[in-house]
$ cat coords_4.pdb   # PDB, C-alpha atoms
ATOM      1  CA  MET A   1      -9.555 -14.034 211.907  1.00  0.00           C
ATOM      2  CA  ALA A   2     -12.993 -15.503 212.516  1.00  0.00           C
ATOM      3  CA  ILE A   3     -11.589 -19.028 212.347  1.00  0.00           C
ATOM      4  CA  PHE A   4      -9.315 -18.281 215.313  1.00  0.00           C
ATOM      5  CA  GLY A   5     -12.251 -17.078 217.390  1.00  0.00           C
ATOM      6  CA  LYS A   6     -14.114 -20.311 216.702  1.00  0.00           C
ATOM      7  CA  LEU A   7     -10.993 -22.350 217.411  1.00  0.00           C
ATOM      8  CA  PHE A   8     -10.387 -20.533 220.715  1.00  0.00           C
ATOM      9  CA  THR A   9     -14.025 -21.028 221.659  1.00  0.00           C
ATOM     10  CA  LEU A  10     -13.731 -24.743 220.980  1.00  0.00           C
ATOM     11  CA  ILE A  11     -10.456 -24.994 222.914  1.00  0.00           C
ATOM     12  CA  ALA A  12     -11.992 -23.141 225.879  1.00  0.00           C
ATOM     13  CA  LEU A  13     -15.022 -25.436 225.977  1.00  0.00           C
ATOM     14  CA  LEU A  14     -13.081 -28.657 225.566  1.00  0.00           C
ATOM     15  CA  SER A  15     -10.394 -27.785 228.108  1.00  0.00           C
ATOM     16  CA  LEU A  16     -12.965 -26.770 230.703  1.00  0.00           C
ATOM     17  CA  VAL A  17     -15.084 -29.891 230.209  1.00  0.00           C
ATOM     18  CA  ILE A  18     -12.063 -32.222 230.063  1.00  0.00           C
ATOM     19  CA  PHE A  19     -10.597 -30.689 233.228  1.00  0.00           C
ATOM     20  CA  ALA A  20     -13.730 -30.880 235.366  1.00  0.00           C
ATOM     21  CA  ASN A  21     -17.241 -32.163 234.777  1.00  0.00           C
ATOM     22  CA  PRO A  22     -19.716 -34.061 236.944  1.00  0.00           C
ATOM     23  CA  THR A  23     -20.030 -37.129 234.682  1.00  0.00           C
ATOM     24  CA  GLY A  24     -17.069 -38.928 236.239  1.00  0.00           C
ATOM     25  CA  TYR A  25     -15.023 -38.791 233.033  1.00  0.00           C
ATOM     26  CA  SER A  26     -12.799 -35.788 233.685  1.00  0.00           C
ATOM     27  CA  TYR A  27      -9.196 -35.153 234.608  1.00  0.00           C
ATOM     28  CA  ILE A  28     -10.165 -34.393 238.201  1.00  0.00           C
ATOM     29  CA  HIS A  29     -11.946 -37.747 238.608  1.00  0.00           C
ATOM     30  CA  TYR A  30      -9.136 -39.609 236.889  1.00  0.00           C
ATOM     31  CA  ALA A  31      -6.461 -37.882 239.003  1.00  0.00           C
ATOM     32  CA  LEU A  32      -8.256 -38.651 242.269  1.00  0.00           C
ATOM     33  CA  ASN A  33      -8.270 -42.380 241.459  1.00  0.00           C
ATOM     34  CA  TYR A  34      -4.806 -42.434 239.899  1.00  0.00           C
ATOM     35  CA  PRO A  35      -2.064 -44.418 241.713  1.00  0.00           C
ATOM     36  CA  TRP A  36       0.442 -41.589 242.050  1.00  0.00           C
ATOM     37  CA  ALA A  37       4.090 -42.595 242.218  1.00  0.00           C
ATOM     38  CA  VAL A  38       7.393 -41.005 241.360  1.00  0.00           C
ATOM     39  CA  ASN A  39       7.756 -42.187 237.768  1.00  0.00           C
ATOM     40  CA  THR A  40       7.469 -40.929 234.208  1.00  0.00           C
ATOM     41  CA  GLN A  41       3.806 -41.846 233.803  1.00  0.00           C
ATOM     42  CA  SER A  42       2.806 -39.825 236.873  1.00  0.00           C
ATOM     43  CA  GLY A  43       4.897 -36.929 235.606  1.00  0.00           C
ATOM     44  CA  PHE A  44       3.023 -36.889 232.296  1.00  0.00           C
ATOM     45  CA  MET A  45      -0.260 -37.160 234.178  1.00  0.00           C
ATOM     46  CA  ALA A  46       0.635 -34.136 236.316  1.00  0.00           C
ATOM     47  CA  LEU A  47       1.910 -32.233 233.278  1.00  0.00           C
ATOM     48  CA  GLY A  48      -1.342 -32.881 231.421  1.00  0.00           C
ATOM     49  CA  GLY A  49      -3.352 -31.556 234.365  1.00  0.00           C
ATOM     50  CA  LEU A  50      -1.153 -28.499 234.615  1.00  0.00           C
ATOM     51  CA  VAL A  51      -1.562 -27.768 230.899  1.00  0.00           C
ATOM     52  CA  LEU A  52      -5.362 -28.093 231.179  1.00  0.00           C
ATOM     53  CA  LEU A  53      -5.440 -25.855 234.245  1.00  0.00           C
ATOM     54  CA  CYS A  54      -3.232 -23.252 232.529  1.00  0.00           C
ATOM     55  CA  ILE A  55      -5.528 -23.220 229.482  1.00  0.00           C
ATOM     56  CA  VAL A  56      -8.609 -22.705 231.671  1.00  0.00           C
ATOM     57  CA  LEU A  57      -6.875 -19.982 233.704  1.00  0.00           C
ATOM     58  CA  PHE A  58      -5.648 -18.291 230.505  1.00  0.00           C
ATOM     59  CA  PHE A  59      -9.174 -18.034 229.119  1.00  0.00           C
ATOM     60  CA  PHE A  60     -10.496 -16.798 232.486  1.00  0.00           C
ATOM     61  CA  TRP A  61      -7.715 -14.191 232.740  1.00  0.00           C
ATOM     62  CA  SER A  62      -8.229 -13.149 229.124  1.00  0.00           C
ATOM     63  CA  ALA A  63     -11.975 -12.708 229.658  1.00  0.00           C
ATOM     64  CA  TRP A  64     -11.361 -10.795 232.894  1.00  0.00           C
ATOM     65  CA  ARG A  65      -8.859  -8.494 231.177  1.00  0.00           C
ATOM     66  CA  THR A  66     -10.965  -7.681 228.121  1.00  0.00           C
ATOM     67  CA  THR A  67     -14.118  -6.831 230.056  1.00  0.00           C
ATOM     68  CA  GLU A  68     -13.867  -3.547 231.847  1.00  0.00           C
ATOM     69  CA  PHE A  69     -15.947  -2.556 234.868  1.00  0.00           C
ATOM     70  CA  VAL A  70     -19.140  -2.019 232.877  1.00  0.00           C
ATOM     71  CA  GLY A  71     -18.750  -5.370 231.121  1.00  0.00           C
ATOM     72  CA  LYS A  72     -18.231  -7.183 234.415  1.00  0.00           C
ATOM     73  CA  PHE A  73     -21.208  -5.352 235.917  1.00  0.00           C
ATOM     74  CA  ILE A  74     -23.476  -6.335 233.000  1.00  0.00           C
ATOM     75  CA  PHE A  75     -22.253  -9.937 233.244  1.00  0.00           C
ATOM     76  CA  ILE A  76     -22.979 -10.052 236.999  1.00  0.00           C
ATOM     77  CA  ILE A  77     -26.494  -8.713 236.430  1.00  0.00           C
ATOM     78  CA  LEU A  78     -27.133 -11.320 233.725  1.00  0.00           C
ATOM     79  CA  LEU A  79     -25.607 -14.015 235.965  1.00  0.00           C
ATOM     80  CA  ALA A  80     -27.884 -13.011 238.844  1.00  0.00           C
ATOM     81  CA  ALA A  81     -30.929 -13.261 236.592  1.00  0.00           C
ATOM     82  CA  ALA A  82     -29.810 -16.653 235.224  1.00  0.00           C
ATOM     83  CA  THR A  83     -29.095 -17.930 238.739  1.00  0.00           C
ATOM     84  CA  PHE A  84     -32.525 -16.805 239.931  1.00  0.00           C
ATOM     85  CA  ILE A  85     -34.226 -18.532 236.993  1.00  0.00           C
ATOM     86  CA  ALA A  86     -32.170 -21.707 237.507  1.00  0.00           C
ATOM     87  CA  PHE A  87     -32.968 -21.698 241.229  1.00  0.00           C
ATOM     88  CA  THR A  88     -36.701 -21.299 240.671  1.00  0.00           C
ATOM     89  CA  MET A  89     -36.584 -24.163 238.154  1.00  0.00           C
ATOM     90  CA  GLY A  90     -34.903 -26.413 240.740  1.00  0.00           C
ATOM     91  CA  ALA A  91     -31.516 -26.669 239.036  1.00  0.00           C
ATOM     92  CA  PHE A  92     -29.637 -26.634 242.340  1.00  0.00           C
ATOM     93  CA  MET A  93     -31.333 -29.649 243.880  1.00  0.00           C
ATOM     94  CA  ASN A  94     -28.390 -31.976 243.205  1.00  0.00           C
ATOM     95  CA  ARG A  95     -24.655 -31.691 242.666  1.00  0.00           C
ATOM     96  CA  TYR A  96     -24.813 -32.851 239.049  1.00  0.00           C
ATOM     97  CA  THR A  97     -26.899 -29.965 237.736  1.00  0.00           C
ATOM     98  CA  THR A  98     -25.153 -27.471 240.011  1.00  0.00           C
ATOM     99  CA  SER A  99     -21.784 -28.520 238.593  1.00  0.00           C
ATOM    100  CA  TRP A 100     -23.000 -28.147 235.026  1.00  0.00           C
ATOM    101  CA  PHE A 101     -24.408 -24.724 235.913  1.00  0.00           C
ATOM    102  CA  VAL A 102     -21.006 -23.597 237.235  1.00  0.00           C
ATOM    103  CA  ILE A 103     -19.258 -24.946 234.119  1.00  0.00           C
ATOM    104  CA  GLY A 104     -21.835 -23.150 231.981  1.00  0.00           C
ATOM    105  CA  VAL A 105     -21.276 -19.882 233.844  1.00  0.00           C
ATOM    106  CA  LEU A 106     -17.515 -20.133 233.340  1.00  0.00           C
ATOM    107  CA  TYR A 107     -17.951 -20.895 229.665  1.00  0.00           C
ATOM    108  CA  VAL A 108     -20.382 -18.008 229.174  1.00  0.00           C
ATOM    109  CA  PHE A 109     -17.853 -15.750 230.924  1.00  0.00           C
ATOM    110  CA  PHE A 110     -15.186 -16.930 228.465  1.00  0.00           C
ATOM    111  CA  LEU A 111     -17.517 -16.105 225.579  1.00  0.00           C
ATOM    112  CA  TRP A 112     -18.471 -12.781 227.161  1.00  0.00           C
ATOM    113  CA  GLY A 113     -14.788 -11.866 227.384  1.00  0.00           C
ATOM    114  CA  MET A 114     -14.256 -12.781 223.749  1.00  0.00           C
ATOM    115  CA  PHE A 115     -17.225 -10.867 222.367  1.00  0.00           C
ATOM    116  CA  TYR A 116     -17.689  -7.936 224.788  1.00  0.00           C
ATOM    117  CA  PRO A 117     -15.169  -5.646 223.013  1.00  0.00           C
ATOM    118  CA  ARG A 118     -16.963  -6.244 219.690  1.00  0.00           C
ATOM    119  CA  ILE A 119     -20.362  -5.604 221.233  1.00  0.00           C
ATOM    120  CA  LYS A 120     -19.092  -2.436 222.885  1.00  0.00           C
ATOM    121  CA  TYR A 121     -17.572  -1.192 219.646  1.00  0.00           C
ATOM    122  CA  SER A 122     -20.661  -1.932 217.576  1.00  0.00           C
ATOM    123  CA  LEU A 123     -22.947  -0.215 220.085  1.00  0.00           C
ATOM    124  CA  PHE A 124     -20.850   2.825 220.951  1.00  0.00           C
ATOM    125  CA  LYS A 125     -18.262   2.973 218.136  1.00  0.00           C
ATOM    126  CA  THR A 126     -15.465   3.405 220.645  1.00  0.00           C
ATOM    127  CA  ARG A 127     -12.160   1.625 220.810  1.00  0.00           C
ATOM    128  CA  SER A 128      -9.615   1.369 223.535  1.00  0.00           C
ATOM    129  CA  VAL A 129      -6.058   2.608 223.243  1.00  0.00           C
ATOM    130  CA  ASP A 130      -4.857  -0.962 222.612  1.00  0.00           C
ATOM    131  CA  ASP A 131      -6.933  -1.189 219.413  1.00  0.00           C
ATOM    132  CA  VAL A 132      -5.267   1.771 217.678  1.00  0.00           C
ATOM    133  CA  ASP A 133      -2.633   0.786 215.118  1.00  0.00           C
ATOM    134  CA  THR A 134       0.629   2.657 215.304  1.00  0.00           C
ATOM    135  CA  GLU A 135       1.715   4.105 212.003  1.00  0.00           C
TER
END
$ encode --input "coords_4.pdb" --output "structure tokens"
Amino acid sequence: MAIFGKLFTLIALLSLVIFANPTGYSYIHYALNYPWAVNTQSGFMALGGLVLLCIVLFFFWSAWRTTEFVGKFIFIILLAAATFIAFTMGAFMNRYTTSWFVIGVLYVFFLWGMFYPRIKYSLFKTRSVDDVDTE
């Protein structure tokens, strides 16, 4: 099962960075400069963007669903501390670093959603009702 976790982590990172990044080589940048027309090539272009967006939204929804209130609260506290440190270091002085910070926050939230149930179980030895196998 560990291989699937690593694969999902890689898919989450790649889909997020391919969909939007500040380097100028992302789907968003390509779509803004694309000569849209009603043809097959534009249809595949739109379908590719929709697939990327659905993958990103799936990982966000999955992370949101697996972290309960306490997990979201801990993540917000850690995010506030990271934002404060990034602000004091001058990370928000231009759009490039701000964009990478937002992408990093989303990716850390994806990871937090993947690993929060394991952390909770290892710390408190509790499982949710969904984890119980029916016999």
$ atom_distance --input "coords_4.pdb" --atom1 "atom CA of Ser62 of chain A" --atom2 "atom CA of Gly113 of chain A"
6.9 Å
$ axis_aligned_box --input "coords_4.pdb" --around "segment 59-77 of chain A" --padding-each-side "3 Å" --output "JSON"
{"center_x": -17.1, "center_y": -10.0, "center_z": 232.6, "size_x": 24.8, "size_y": 22.0, "size_z": 14.9}
$ resolve_selection --input "coords_4.pdb" --expression "the PyMOL selection byres ((chain A and resi 8-23) around 10)" --output "JSON, numbers by chain"
{"A": [2, 3, 4, 5, 6, 7, 24, 25, 26, 27, 28, 29, 30, 48, 49, 50, 51, 52, 53, 54, 55, 56, 57, 58, 59, 60, 95, 96, 97, 98, 99, 100, 102, 103, 104, 106, 107, 108, 110, 111, 114]}
$ residues_around --input "coords_4.pdb" --residues "segment 82-84 of chain A" --least-positions-apart "5" --cutoff "9 Å" --atoms "all atoms listed in the file" --output "ChimeraX atom specification"
/A:77,89,101
$ atom_distance --input "coords_4.pdb" --atom1 "atom CA of Leu32 of chain A" --atom2 "atom CA of Met93 of chain A"
24.8 Å
$ atom_distance --input "coords_4.pdb" --atom1 "atom CA of Phe75 of chain A" --atom2 "atom CA of Ile119 of chain A"
12.9 Å
